[in-house]
Structures are given as C-alpha cells and as structure tokens.
file my_file36.txt (compact mmCIF, C-alpha atoms)
# COMPACT_ATOMS: atom_id res chain seq x y z
CA MET A 1486 76.74 36.54 279.40
CA PRO A 1487 73.04 36.24 280.29
CA ALA A 1488 72.21 34.21 283.38
CA LEU A 1489 70.37 30.93 283.02
CA PRO A 1490 66.65 31.14 283.77
CA ALA A 1491 65.44 29.59 286.99
CA PRO A 1492 64.07 26.08 286.39
CA ARG A 1493 60.51 25.23 287.28
CA PRO A 1494 59.69 22.55 289.85
CA ALA A 1495 58.18 20.28 287.17
CA GLY A 1496 61.37 20.44 285.11
CA VAL A 1497 63.54 19.75 288.13
CA ALA A 1498 61.41 16.75 289.04
CA LEU A 1499 61.60 15.40 285.47
CA ALA A 1500 65.38 15.80 285.28
CA THR A 1501 65.91 14.26 288.72
CA GLY A 1502 63.68 11.31 287.87
CA PHE A 1503 65.53 10.48 284.66
CA ALA A 1504 68.93 10.92 286.32
CA ALA A 1505 68.04 8.70 289.28
CA ALA A 1506 66.43 6.03 287.09
CA GLY A 1507 69.41 5.94 284.72
CA CYS A 1508 71.98 5.68 287.50
CA LEU A 1509 70.05 3.00 289.42
CA ALA A 1510 69.40 0.93 286.29
CA GLY A 1511 73.08 1.12 285.27
CA ALA A 1512 74.27 0.13 288.74
CA PHE A 1513 72.17 -3.06 288.83
CA TYR A 1514 72.00 -3.88 285.11
CA HIS A 1515 75.29 -4.32 283.23
CA PRO A 1516 74.95 -7.20 280.72
CA ALA A 1517 77.80 -8.35 278.52
CA PRO A 1518 79.31 -7.35 276.17
CA TRP A 1519 78.69 -3.74 277.27
CA ARG A 1520 81.20 -1.79 279.27
CA PRO A 1521 80.55 -1.81 283.05
CA PHE A 1522 78.55 1.15 284.36
CA ASP A 1523 81.43 3.01 286.03
CA LEU A 1524 81.93 6.55 287.30
CA TRP A 1525 82.09 8.00 283.78
CA ALA A 1526 78.78 6.35 282.94
CA HIS A 1527 77.20 7.95 286.02
CA LEU A 1528 78.58 11.36 285.07
CA LEU A 1529 77.37 11.03 281.49
CA THR A 1530 73.93 9.96 282.72
CA LEU A 1531 73.76 13.07 284.87
CA LEU A 1532 74.96 15.18 281.92
CA ILE A 1533 72.22 13.71 279.72
CA ALA A 1534 69.33 13.95 282.21
CA LEU A 1535 69.88 17.04 284.36
CA PRO A 1536 69.55 19.60 281.51
CA LEU A 1537 65.88 18.56 281.29
CA ALA A 1538 65.29 20.92 284.23
CA LEU A 1539 65.43 23.73 281.64
CA TRP A 1540 63.50 21.96 278.89
CA ASP A 1541 60.75 24.62 278.86
CA LYS A 1542 63.20 27.54 279.08
CA ARG A 1543 65.91 26.59 276.55
CA PRO A 1544 64.40 23.68 274.56
CA PHE A 1545 66.85 23.57 271.68
CA GLY A 1546 69.93 23.98 273.88
CA VAL A 1547 68.72 21.18 276.16
CA LEU A 1548 68.20 18.91 273.14
CA VAL A 1549 71.72 19.58 271.83
CA VAL A 1550 73.28 18.80 275.23
CA THR A 1551 71.27 15.60 275.73
CA VAL A 1552 71.98 14.36 272.18
CA ALA A 1553 75.70 15.10 272.52
CA GLY A 1554 75.86 13.44 275.94
CA PHE A 1555 73.97 10.37 274.74
CA ALA A 1556 76.19 10.10 271.65
CA GLY A 1557 79.32 10.20 273.83
CA TYR A 1558 77.75 7.63 276.17
CA LEU A 1559 77.12 5.28 273.22
CA LEU A 1560 80.54 5.75 271.65
CA LEU A 1561 82.20 4.80 274.93
CA GLY A 1562 80.49 1.40 274.73
CA TYR A 1563 77.89 1.62 277.49
CA GLN A 1564 74.49 -0.14 277.45
CA PRO A 1565 72.46 1.56 274.61
CA SER A 1566 69.03 0.98 276.16
CA LEU A 1567 69.82 3.26 279.11
CA ASN A 1568 69.20 7.01 278.68
CA PHE A 1569 67.47 6.21 275.37
CA TRP A 1570 64.33 8.26 276.00
CA VAL A 1571 65.92 11.42 277.38
CA PRO A 1572 66.69 13.02 273.94
CA ALA A 1573 63.16 12.13 272.78
CA VAL A 1574 61.64 13.89 275.79
CA ALA A 1575 63.87 16.91 275.14
CA PHE A 1576 62.66 17.00 271.53
CA LEU A 1577 59.04 17.21 272.74
CA SER A 1578 59.69 20.68 274.10
CA VAL A 1579 61.47 21.72 270.87
CA ALA A 1580 58.47 20.65 268.78
CA ALA A 1581 56.12 22.45 271.16
CA ARG A 1582 57.98 25.75 271.51
CA GLU A 1583 60.64 26.38 268.87
CA ALA A 1584 60.44 27.75 265.32
CA ARG A 1585 60.08 25.45 262.33
CA ALA A 1586 63.80 25.54 261.37
CA ARG A 1587 64.89 24.46 264.84
CA VAL A 1588 62.21 21.75 264.94
CA VAL A 1589 63.57 20.27 261.68
CA CYS A 1590 67.15 20.52 262.94
CA GLY A 1591 66.15 18.93 266.24
CA ALA A 1592 64.37 16.08 264.45
CA VAL A 1593 67.56 15.37 262.45
CA LEU A 1594 69.65 15.36 265.62
CA LEU A 1595 67.25 13.01 267.40
CA ALA A 1596 67.00 10.65 264.42
CA SER A 1597 70.79 10.56 264.17
CA VAL A 1598 71.37 9.65 267.80
CA ILE A 1599 68.54 7.08 267.73
CA ALA A 1600 70.17 5.48 264.68
CA LEU A 1601 73.54 5.53 266.45
CA SER A 1602 71.91 3.78 269.40
CA GLY A 1603 70.57 1.07 267.08
CA PHE A 1604 73.94 0.53 265.44
CA CYS A 1605 75.72 0.37 268.81
CA GLY A 1606 73.10 -2.12 269.98
CA ARG A 1607 73.81 -4.29 266.94
CA LEU A 1608 70.20 -4.20 265.73
CA PRO A 1609 69.25 -5.13 262.15
CA ARG A 1610 69.44 -2.21 259.77
CA PRO A 1611 65.70 -2.21 258.93
CA VAL A 1612 64.95 -2.02 262.65
CA VAL A 1613 67.46 0.81 263.05
CA ALA A 1614 65.82 2.74 260.19
CA VAL A 1615 62.29 2.26 261.49
CA GLN A 1616 63.33 3.20 265.01
CA ALA A 1617 65.12 6.33 263.78
CA LEU A 1618 61.95 7.42 261.96
CA ILE A 1619 59.25 6.43 264.43
CA VAL A 1620 60.73 7.90 267.61
CA PRO A 1621 61.15 11.46 266.19
CA ALA A 1622 57.75 11.22 264.47
CA VAL A 1623 55.93 10.27 267.68
CA ALA A 1624 57.80 12.88 269.68
CA PHE A 1625 56.97 15.50 267.05
CA ALA A 1626 53.26 14.58 267.08
CA VAL A 1627 53.09 14.85 270.86
CA GLY A 1628 55.01 18.13 270.86
CA LEU A 1629 52.81 19.55 268.09
CA THR A 1630 49.70 18.70 270.12
CA GLN A 1631 51.19 20.49 273.10
CA ARG A 1632 52.01 23.51 270.90
CA ARG A 1633 48.41 23.72 269.69
CA LEU A 1634 47.06 23.44 273.21
CA THR A 1635 49.42 26.18 274.35
CA GLU A 1636 48.35 28.44 271.47
CA ARG A 1637 44.68 27.80 272.17
CA ASN A 1638 45.16 28.54 275.85
CA ALA A 1639 46.98 31.75 275.00
CA GLU A 1640 44.19 32.75 272.62
CA LEU A 1641 41.60 31.88 275.26
CA ARG A 1642 43.42 34.05 277.80
CA ARG A 1643 43.56 36.88 275.29
CA LEU A 1644 39.87 36.61 274.49
CA THR A 1645 39.01 36.36 278.17
CA ALA A 1646 41.01 39.50 278.92
CA LEU A 1647 39.37 41.26 275.96
CA LEU A 1648 35.90 40.19 277.08
CA ASP A 1649 36.64 41.32 280.63
CA GLU A 1650 37.80 44.70 279.36
CA GLN A 1651 34.70 45.03 277.17
CA GLN A 1652 32.46 44.19 280.11
CA ARG A 1653 34.20 46.80 282.25
CA GLN A 1654 33.81 49.35 279.46
CA GLU A 1655 30.13 48.46 279.04
CA ALA A 1656 29.55 48.79 282.78
CA ARG A 1657 31.44 52.09 282.84
CA ARG A 1658 29.45 53.33 279.85
CA ALA A 1659 26.20 52.28 281.51
CA VAL A 1660 27.16 54.19 284.65
CA LEU A 1661 28.06 57.32 282.68
CA ASP A 1662 24.89 57.16 280.59
CA GLU A 1663 22.78 56.73 283.68
CA ARG A 1664 24.50 59.58 285.46
CA PHE A 1665 23.93 61.83 282.46
CA ARG A 1666 20.24 60.97 282.42
CA ILE A 1667 20.05 61.65 286.15
CA ALA A 1668 21.75 64.99 285.61
CA ARG A 1669 19.11 65.96 283.06
CA GLU A 1670 16.32 64.96 285.40
CA LEU A 1671 17.87 66.81 288.33
CA HIS A 1672 18.16 69.83 286.08
CA ASP A 1673 14.42 69.67 285.62
CA THR A 1674 13.75 69.51 289.37
CA ILE A 1675 16.06 72.48 289.93
CA SER A 1676 14.20 74.47 287.30
CA GLN A 1677 10.98 73.77 289.19
CA GLN A 1678 12.44 75.16 292.41
CA MET A 1679 13.85 78.20 290.64
CA THR A 1680 10.38 78.87 289.22
CA ILE A 1681 9.08 78.85 292.78
CA VAL A 1682 11.82 81.28 293.83
CA THR A 1683 10.99 83.62 290.95
CA LEU A 1684 7.25 83.62 291.60
CA GLN A 1685 7.56 84.05 295.35
CA THR A 1686 10.13 86.85 295.15
CA GLY A 1687 7.94 88.57 292.55
CA LEU A 1688 4.96 88.28 294.90
CA ALA A 1689 7.03 89.66 297.79
CA GLU A 1690 8.10 92.62 295.67
CA PHE A 1691 4.50 93.32 294.68
CA VAL A 1692 3.06 93.29 298.21
CA PHE A 1693 6.19 94.45 300.07
CA PHE A 1694 4.56 97.68 301.31
CA SER A 1695 0.86 96.82 301.10
CA ASP A 1696 0.97 93.39 302.83
CA PRO A 1697 4.26 92.86 304.75
CA PRO A 1698 3.21 89.48 306.34
CA THR A 1699 2.48 88.00 302.93
CA ALA A 1700 5.76 89.38 301.62
CA ARG A 1701 7.69 87.80 304.50
CA GLU A 1702 5.93 84.46 303.93
CA ALA A 1703 6.73 84.58 300.21
CA LEU A 1704 10.39 85.36 300.92
CA GLY A 1705 10.56 82.46 303.37
CA THR A 1706 9.15 80.10 300.77
CA ALA A 1707 11.61 81.41 298.19
CA ALA A 1708 14.51 80.95 300.60
CA ALA A 1709 13.51 77.36 301.32
CA ALA A 1710 13.23 76.61 297.61
CA GLY A 1711 16.59 78.26 297.00
CA ARG A 1712 18.27 76.14 299.68
CA GLU A 1713 16.85 72.99 298.15
CA SER A 1714 18.00 74.10 294.71
CA LEU A 1715 21.54 74.53 296.02
CA GLU A 1716 21.44 71.01 297.42
CA GLU A 1717 20.17 69.71 294.09
CA LEU A 1718 22.98 71.56 292.29
CA ARG A 1719 25.56 70.04 294.61
CA ARG A 1720 24.29 66.57 293.78
CA LEU A 1721 24.19 67.49 290.10
CA LEU A 1722 27.88 68.40 290.17
CA VAL A 1723 28.65 65.04 291.73
CA VAL A 1724 26.90 63.37 288.82
CA LEU A 1725 28.62 65.44 286.14
CA ARG A 1726 32.05 64.90 287.64
CA ALA A 1727 32.30 61.50 285.93
CA TYR A 1728 30.55 62.52 282.69
CA ASP A 1729 32.62 62.63 279.50
CA PRO A 1730 31.19 65.35 277.26
CA GLY A 1731 33.32 64.27 274.29
CA GLY A 1732 30.87 61.63 273.08
CA ALA A 1733 28.77 62.12 270.01
CA PRO A 1734 25.21 63.32 270.69
CA GLY A 1735 22.59 60.64 270.45
CA PRO A 1736 18.87 60.76 269.77
CA ASP A 1737 18.27 62.00 273.32
CA ASP A 1738 20.19 65.22 272.81
CA PRO A 1739 20.54 67.02 276.17
CA ALA A 1740 20.01 70.31 274.35
CA GLY A 1741 16.46 69.26 273.49
CA PRO A 1742 13.39 69.81 275.62
CA VAL A 1743 12.77 67.60 278.65
CA PRO A 1744 9.77 65.33 278.00
CA ASP A 1745 6.80 65.44 280.35
CA HIS A 1746 7.31 61.81 281.39
CA LEU A 1747 10.53 62.87 283.13
CA LEU A 1748 8.45 64.93 285.57
CA ALA A 1749 7.66 61.79 287.53
CA ASP A 1750 7.10 61.24 291.24
CA ILE A 1751 5.95 58.53 293.62
CA GLY A 1752 2.32 59.49 293.10
CA ARG A 1753 2.54 58.28 289.48
CA ILE A 1754 3.58 54.75 290.40
CA PRO A 1755 -0.03 53.45 290.34
CA ALA A 1756 -0.46 54.88 286.83
CA LEU A 1757 2.76 53.12 285.84
CA ALA A 1758 1.34 49.88 287.22
CA GLU A 1759 -1.84 50.32 285.22
CA ARG A 1760 0.14 50.77 282.02
CA LEU A 1761 1.94 47.51 282.73
CA GLU A 1762 -1.37 45.65 282.73
CA ALA A 1763 -1.28 45.90 278.91
CA ALA A 1764 1.91 43.82 279.01
CA GLY A 1765 0.10 41.10 280.96
CA VAL A 1766 1.66 41.86 284.35
CA HIS A 1767 -0.66 42.57 287.29
CA VAL A 1768 1.07 44.97 289.68
CA GLU A 1769 -0.20 45.60 293.17
CA VAL A 1770 0.96 48.90 294.65
CA ARG A 1771 0.93 49.45 298.40
CA PHE A 1772 1.79 52.56 300.41
CA ARG A 1773 2.80 52.25 304.05
CA GLY A 1774 3.31 55.03 306.56
CA GLU A 1775 2.29 58.66 306.41
CA ARG A 1776 2.60 59.93 302.87
CA ARG A 1777 4.23 63.34 302.66
CA PRO A 1778 5.89 65.47 299.98
CA LEU A 1779 9.58 64.76 299.45
CA SER A 1780 12.36 66.29 297.42
CA PRO A 1781 11.52 66.08 293.70
CA GLY A 1782 14.86 64.38 293.10
CA ILE A 1783 14.12 61.66 295.66
CA GLU A 1784 10.62 61.18 294.27
CA LEU A 1785 12.03 60.91 290.77
CA CYS A 1786 14.69 58.42 291.95
CA ALA A 1787 12.06 56.18 293.53
CA TYR A 1788 9.83 56.39 290.46
CA ARG A 1789 12.67 55.54 288.07
CA VAL A 1790 13.77 52.53 290.14
CA VAL A 1791 10.22 51.18 290.16
CA GLN A 1792 9.89 51.84 286.44
CA GLU A 1793 13.14 50.02 285.63
CA ALA A 1794 12.29 47.11 287.92
CA LEU A 1795 8.82 46.63 286.43
CA THR A 1796 10.23 46.92 282.90
CA ASN A 1797 12.74 44.17 283.70
CA ILE A 1798 9.94 41.98 285.03
CA ALA A 1799 7.90 42.42 281.86
CA LYS A 1800 10.89 41.84 279.56
CA HIS A 1801 13.08 39.31 281.31
CA SER A 1802 11.06 37.42 283.91
CA GLY A 1803 7.78 36.38 282.37
CA SER A 1804 6.08 36.81 285.74
CA VAL A 1805 2.39 37.73 285.57
CA THR A 1806 2.28 39.30 289.03
CA ALA A 1807 4.42 41.82 290.85
CA GLU A 1808 4.18 43.83 294.03
CA VAL A 1809 5.43 47.35 294.76
CA THR A 1810 5.58 48.54 298.34
CA VAL A 1811 6.46 52.13 299.26
CA ARG A 1812 7.15 52.67 302.96
CA TYR A 1813 7.41 56.16 304.46
CA LEU A 1814 9.53 55.77 307.60
CA ASP A 1815 10.63 58.53 309.94
CA ASP A 1816 14.12 58.82 308.46
CA GLU A 1817 13.97 56.64 305.36
CA LEU A 1818 11.99 55.97 302.22
CA ARG A 1819 11.95 52.25 301.42
CA VAL A 1820 10.71 50.94 298.07
CA THR A 1821 10.44 47.20 297.41
CA VAL A 1822 9.62 45.53 294.08
CA VAL A 1823 8.98 41.78 294.13
CA ASP A 1824 7.94 39.37 291.39
CA GLU A 1825 6.97 35.72 291.60
CA GLY A 1826 9.19 34.52 288.76
CA GLY A 1827 8.13 33.21 285.39
CA PRO A 1828 9.02 30.95 282.47
CA LEU A 1829 11.73 33.31 281.16
CA SER A 1830 13.46 34.10 284.44
CA ALA A 1831 16.48 35.63 282.69
CA THR A 1832 17.03 38.22 285.37
CA SER A 1833 20.61 38.20 286.58
CA THR A 1834 20.85 36.65 290.02
CA ASP A 1835 24.12 38.36 290.86
CA GLY A 1836 22.81 41.89 290.38
CA SER A 1837 25.29 42.79 287.61
CA GLY A 1838 22.95 43.87 284.77
CA HIS A 1839 23.14 47.37 283.30
CA GLY A 1840 19.63 48.17 284.54
CA LEU A 1841 20.67 47.36 288.08
CA ILE A 1842 23.86 49.38 287.64
CA GLY A 1843 21.75 52.39 286.72
CA MET A 1844 19.45 51.88 289.70
CA ARG A 1845 22.38 51.68 292.07
CA GLU A 1846 23.81 54.88 290.63
CA ARG A 1847 20.51 56.66 291.26
CA ALA A 1848 20.44 55.45 294.85
CA LYS A 1849 24.08 56.45 295.38
CA ILE A 1850 23.40 60.03 294.27
CA TRP A 1851 20.91 60.39 297.14
CA HIS A 1852 23.15 58.60 299.66
CA GLY A 1853 20.91 55.57 299.48
CA SER A 1854 21.41 51.90 298.70
CA LEU A 1855 19.86 49.30 296.44
CA THR A 1856 19.93 45.54 296.91
CA ALA A 1857 18.78 42.99 294.33
CA GLY A 1858 18.76 39.24 294.16
CA ALA A 1859 16.79 36.07 293.62
CA ARG A 1860 14.27 35.05 296.26
CA PRO A 1861 14.53 31.57 297.83
CA GLU A 1862 10.90 30.90 297.02
CA GLY A 1863 11.35 32.03 293.42
CA GLY A 1864 11.29 35.33 291.59
CA PHE A 1865 13.36 38.44 292.14
CA ARG A 1866 13.44 41.17 294.77
CA ILE A 1867 14.71 44.75 294.57
CA GLU A 1868 14.82 47.04 297.58
CA LEU A 1869 15.66 50.74 297.46
CA ARG A 1870 16.50 52.68 300.61
CA LEU A 1871 16.78 56.46 300.54
CA PRO A 1872 17.58 58.43 303.71
CA LEU A 1873 15.34 61.40 304.48
CA ASP A 1874 16.86 64.44 306.16
CA GLY A 1875 16.07 68.11 306.37
CA THR A 1876 17.22 68.75 302.82
CA ALA A 1877 15.04 65.98 301.41
CA THR A 1878 11.68 67.56 302.23
CA ALA A 1879 10.23 69.59 299.42
CA ALA A 1880 9.22 73.15 300.02
CA ASP A 1881 5.51 73.82 299.80
CA PRO A 1882 5.02 76.84 297.57
call {"tool": "encode", "arguments": {"input": "my_file36.txt", "output": "structure tokens"}}
result
Amino acid sequence: MPALPAPRPAGVALATGFAAAGCLAGAFYHPAPWRPFDLWAHLLTLLIALPLALWDKRPFGVLVVTVAGFAGYLLLGYQPSLNFWVPAVAFLSVAAREARARVVCGAVLLASVIALSGFCGRLPRPVVAVQALIVPAVAFAVGLTQRRLTERNAELRRLTALLDEQQRQEARRAVLDERFRIARELHDTISQQMTIVTLQTGLAEFVFFSDPPTAREALGTAAAAGRESLEELRRLLVVLRAYDPGGAPGPDDPAGPVPDHLLADIGRIPALAERLEAAGVHVEVRFRGERRPLSPGIELCAYRVVQEALTNIAKHSGSVTAEVTVRYLDDELRVTVVDEGGPLSATSTDGSGHGLIGMRERAKIWHGSLTAGARPEGGFRIELRLPLDGTATAADP
C-alpha cells in the first residue's frame, strides 16, 4: 500500500483553520431544534476538515471523504450551516487538477451534499435547487481559473527552460565559432614563422662554409622562429580542443585560402579607424609607451578586439566618436576602446553579447583578460589586457 504524500504547510494551515473554526462555532452556537454539538460532532468536524491538508496531493479522495463526512454529520441532525464550505473548497482542487470525468463526478457529489444540507435545514425547494447548482458552479469556475493559471505557469517554465537552453547553445556555438576562426588565424601566423625558418636555414646551408658567422646568425634566427612556432602550435591545440569538426562547412570553408585581411596587426589599427570614418564614426587612435614588435598572434588578437569593438560602436551604439588607446607596458599590452554613447545605445551593459564572448575567448587564448561595461558618464568601455613574456616577442628575421 503506497504511503500518503507529505502535506504542504499551506494545506495543513487550511485544514487546521477549518477544523478549529468548525469546532469553536459548534461549541458556542447550538440553536434549536438541532442536536447539541457533542463529542461525535467534534469528531465528524475533524473528519471533514483535516483531509484538506492533502487537497493538492489527492484532490478527489479528499473530496469523497469530506462529502461523506458532511453527509453523515447532516444525517445525525447537527447544525447544517457548520462545515458547509469544506466540500466546496475540496472541489476547487478537483476542478483545478483532476481529469474531466472526475471533475463531473465531483460536481455531482458536491451538488448532492449541498442539496442534502438544504433539505436538512428545511429550506424551500427552489432555494435548495439554486443552492445545489450555484455552489458547484462557482467552485468549478474558480478551480478552472486555477487550472489555467497552473497550465500557463507550467508552459512559461517550459519556455523559459527552452530559451535558457537555446541561449546556452548560442553562447557555446559562438565560442566554438570564434575559437575556430582564431585557429585559422593562428595557423597563418605559424606559417609565417615557418617561412622564416625555411629561408634562414636555406641561407645557412648556402653560406655554411663560405661565411660561418652569417650561417650561425641565420640558424639562430631560425631557432627563435621555430620556438615561437611551437608556442603558437601549443595555443592552437588549446583552441582546437573544444572544436567540433562534425558541423557542415559554411561559406568560410577552412580549406580555402586565408584572406589578406586576416594578416592584421596593431600597426593597421589607424587604417581601420580611417575606414570607419565612412560609417560616420570619428576614431582617435593613440599609442602610449615604446612601440615594439610582438608575437603575430598577440598583434592579431589586439587588432581583432579593436575591430569588433569599433564594429559594435558603428552598428549598435550610434556614437559619432570613439577612442582607441594602445599602451605598451613593460609586461603587458593594454588596449582600451571607449565610445561616448549615442541614440541607439543597444550595446549590452552586462557584457553577454556574442561579440564580447568572442573577444574574451581571444584574450583567454593568450592568457589575457577583457572587461566590458557601460561608463557612468555614458557610452561603453572595453579594455583588453595581454601579458607579454619571452615567448610573446616576435623574432626579427
């Protein structure tokens, strides 16, 4: 035999309230010609009211018990007005939760016991009939409203969960797409270094006997480029670890040639700013610190972050001015993009857009960080920080 489900606090409070009210009213209100409210009346009142503690767990069973208890209470000659509303409240849960057949059966049970109450109370037959129809009808209407609210809430929870899952999938897809693009770009930087290795080792082979110092210098340059290529490959494997190659190829097929615009570095940021003038955005570019050659991957990361940030300003902000600051510090490259805000101002203030996800992924590959958010004085601010170590400095061929 299955155990009864644990009642909820709201059900316990409801059952206790009806039981206490019925017992107190019977103890102080016993008009003639009704039977005095004795011990049996108290027990029947408890039998009628206490099952309401499970009205949301076993609605139909609770209704049957309350109707049977109230019918026995009436047939024993006790005051009909007491415990009158308990079966109606029990029927609310039946109308809200049970199947149609049980709702109809419950309505018949409630109408029957309400009619019995009217007859025991010696009411006129028209009043008994109206009462037996109105009480179940009102209880059914209230229960049906509760059923619809419950269904809508369940549908809302389902849609919310579905939307949340779709957002997580979109964010995951954005991360994977961005990592794949980064992998392609890193592949290009590695190919540059391998070209240096090939040329320098070829030069060393050519002058190995005729010019040993030049050969040693060429081999040193090739070794430095090779070490940097190994570091780039290590980072590339980190990127590809999360890439799913099972997707269908898109228009940017990785098997195709790498466009020239992917060979970007920090030095091309001013040209990028000039191109943005056509979109009506004036961009001021500032360089701070001693400019020096960096790893092609780091240069490409900084360029792409600036490109994405300026594109977002042109598309989503409506700002007519922006400022890009590139700071060369001793151990860090710091890039800041700031706009003054505009009439569109649709940029996400919580830093959760797909463009920002891609920027953060780029920074993460190079052990850096990216922060983004609205400025108190208006506009938006993006700051990229990339650490510079011995592996980040590009070899000079």
call {"tool": "atom_distance", "arguments": {"input": "my_file36.txt", "atom1": "CA of Phe1625 in chain A", "atom2": "CA of Arg1582 in chain A"}}
result
11.2 Å
call {"tool": "atom_distance", "arguments": {"input": "my_file36.txt", "atom1": "CA of Thr1683 in chain A", "atom2": "CA of Leu1779 in chain A"}}
result
20.7 Å
call {"tool": "atom_distance", "arguments": {"input": "my_file36.txt", "atom1": "CA of Glu1808 in chain A", "atom2": "CA of Phe1665 in chain A"}}
result
29.1 Å
call {"tool": "closest_residue", "arguments": {"input": "my_file36.txt", "among": "A:Leu1539, A:Leu1871, A:Val1770, A:Ile1619", "to": "Ala1787 in chain A", "atoms": "only C-alpha atoms"}}
result
A:Leu1871
call {"tool": "residues_around", "arguments": {"input": "my_file36.txt", "residues": "range 1607-1614 of chain A", "least_positions_apart": "6", "cutoff": "12 Å", "atoms": "all atoms listed in the file", "output": "VMD selection string"}}
result
chain A and resid 1518 to 1519 1559 1562 1564 to 1566 1596 to 1601 1620 to 1621
call {"tool": "closest_residue", "arguments": {"input": "my_file36.txt", "among": "A:Glu1825, A:Arg1845, A:Asp1815, A:Val1588", "to": "Ala1859 in chain A", "atoms": "all atoms listed in the file"}}
result
A:Glu1825
call {"tool": "residues_around", "arguments": {"input": "my_file36.txt", "residues": "Ala1500 in chain A", "least_positions_apart": "2", "cutoff": "9 Å", "atoms": "all atoms listed in the file", "output": "PyMOL selection string"}}
result
chain A and resi 1495-1498+1502-1505+1531+1534-1539
call {"tool": "residues_around", "arguments": {"input": "my_file36.txt", "residues": "Ile1533 in chain A", "least_positions_apart": "2", "cutoff": "10 Å", "atoms": "only C-alpha atoms", "output": "PyMOL selection string"}}
result
chain A and resi 1500+1503-1504+1507+1527-1531+1535-1537+1547-1558+1568-1569+1571-1572
call {"tool": "closest_residue", "arguments": {"input": "my_file36.txt", "among": "A:Ala1584, A:Cys1590, A:Cys1605, A:Leu1634", "to": "Tyr1563 in chain A", "atoms": "only C-alpha atoms"}}
result
A:Cys1605
call {"tool": "residues_around", "arguments": {"input": "my_file36.txt", "residues": "range 1755-1764 of chain A", "least_positions_apart": "3", "cutoff": "9 Å", "atoms": "all atoms listed in the file", "output": "list in words"}}
result
Ile1751, Gly1752, His1767, Val1768, Glu1769, Val1770, Val1791, Gln1792, Leu1795, Thr1796, Ala1799, Val1805 and Val1809 of chain A
call {"tool": "closest_residue", "arguments": {"input": "my_file36.txt", "among": "A:Ile1842, A:Val1692, A:Leu1567, A:Leu1595", "to": "Leu1661 in chain A", "atoms": "only C-alpha atoms"}}
result
A:Ile1842
call {"tool": "axis_aligned_box", "arguments": {"input": "my_file36.txt", "around": "range 1767-1786 of chain A", "padding_each_side": "4 Å", "output": "AutoDock Vina command-line options"}}
result
--center_x 7.1 --center_y 54.4 --center_z 296.9 --size_x 23.5 --size_y 31.7 --size_z 27.3
call {"tool": "residues_around", "arguments": {"input": "my_file36.txt", "residues": "Arg1773 in chain A", "least_positions_apart": "6", "cutoff": "7 Å", "atoms": "all atoms listed in the file", "output": "ChimeraX atom specification"}}
result
/A:1811-1813
call {"tool": "closest_residue", "arguments": {"input": "my_file36.txt", "among": "A:Val1615, A:Ile1754, A:Ala1581, A:Ala1794", "to": "Thr1635 in chain A", "atoms": "all atoms listed in the file"}}
result
A:Ala1581
call {"tool": "closest_residue", "arguments": {"input": "my_file36.txt", "among": "A:Gly1711, A:Gly1843, A:Gly1774, A:Gly1864", "to": "Val1790 in chain A", "atoms": "only C-alpha atoms"}}
result
A:Gly1843
call {"tool": "residues_near_point", "arguments": {"input": "my_file36.txt", "point": "(79.1, -2.0, 287.0)", "cutoff": "12 Å", "atoms": "only C-alpha atoms", "output": "NGL selection string"}}
result
:A and (1508-1517 or 1519-1527 or 1563-1564)
call {"tool": "build_atoms", "arguments": {"input": "my_file36.txt", "residues": "range 1494-1507 of chain A", "atoms": "N, CA, C and O atoms", "output": "compact mmCIF listing (two decimals), in the frame of the given file"}}
result
# COMPACT_ATOMS: atom_id res chain seq x y z
N PRO A 1494 59.70 23.80 289.07
CA PRO A 1494 59.69 22.55 289.85
C PRO A 1494 59.39 21.31 289.00
O PRO A 1494 59.97 20.24 289.23
N ALA A 1495 58.50 21.44 288.01
CA ALA A 1495 58.18 20.28 287.17
C ALA A 1495 59.40 19.83 286.37
O ALA A 1495 59.66 18.62 286.23
N GLY A 1496 60.17 20.79 285.84
CA GLY A 1496 61.37 20.44 285.11
C GLY A 1496 62.43 19.80 285.99
O GLY A 1496 63.10 18.84 285.58
N VAL A 1497 62.56 20.34 287.20
CA VAL A 1497 63.54 19.75 288.13
C VAL A 1497 63.15 18.32 288.48
O VAL A 1497 64.00 17.41 288.53
N ALA A 1498 61.86 18.09 288.71
CA ALA A 1498 61.41 16.75 289.04
C ALA A 1498 61.65 15.79 287.87
O ALA A 1498 62.07 14.63 288.07
N LEU A 1499 61.38 16.24 286.64
CA LEU A 1499 61.60 15.40 285.47
C LEU A 1499 63.07 15.04 285.32
O LEU A 1499 63.43 13.88 285.10
N ALA A 1500 63.93 16.05 285.43
CA ALA A 1500 65.38 15.80 285.28
C ALA A 1500 65.89 14.88 286.39
O ALA A 1500 66.67 13.94 286.13
N THR A 1501 65.46 15.11 287.60
CA THR A 1501 65.91 14.26 288.72
C THR A 1501 65.44 12.84 288.54
O THR A 1501 66.19 11.88 288.82
N GLY A 1502 64.21 12.67 288.08
CA GLY A 1502 63.68 11.31 287.87
C GLY A 1502 64.46 10.54 286.85
O GLY A 1502 64.81 9.37 287.06
N PHE A 1503 64.76 11.17 285.70
CA PHE A 1503 65.53 10.48 284.66
C PHE A 1503 66.96 10.18 285.13
O PHE A 1503 67.51 9.11 284.85
N ALA A 1504 67.56 11.14 285.85
CA ALA A 1504 68.93 10.92 286.32
C ALA A 1504 68.97 9.78 287.32
O ALA A 1504 69.86 8.89 287.24
N ALA A 1505 68.04 9.76 288.28
CA ALA A 1505 68.04 8.70 289.28
C ALA A 1505 67.74 7.34 288.66
O ALA A 1505 68.39 6.32 288.97
N ALA A 1506 66.77 7.31 287.74
CA ALA A 1506 66.43 6.03 287.09
C ALA A 1506 67.59 5.50 286.27
O ALA A 1506 67.89 4.29 286.30
N GLY A 1507 68.28 6.40 285.52
CA GLY A 1507 69.41 5.94 284.72
C GLY A 1507 70.55 5.42 285.56
O GLY A 1507 71.15 4.37 285.25
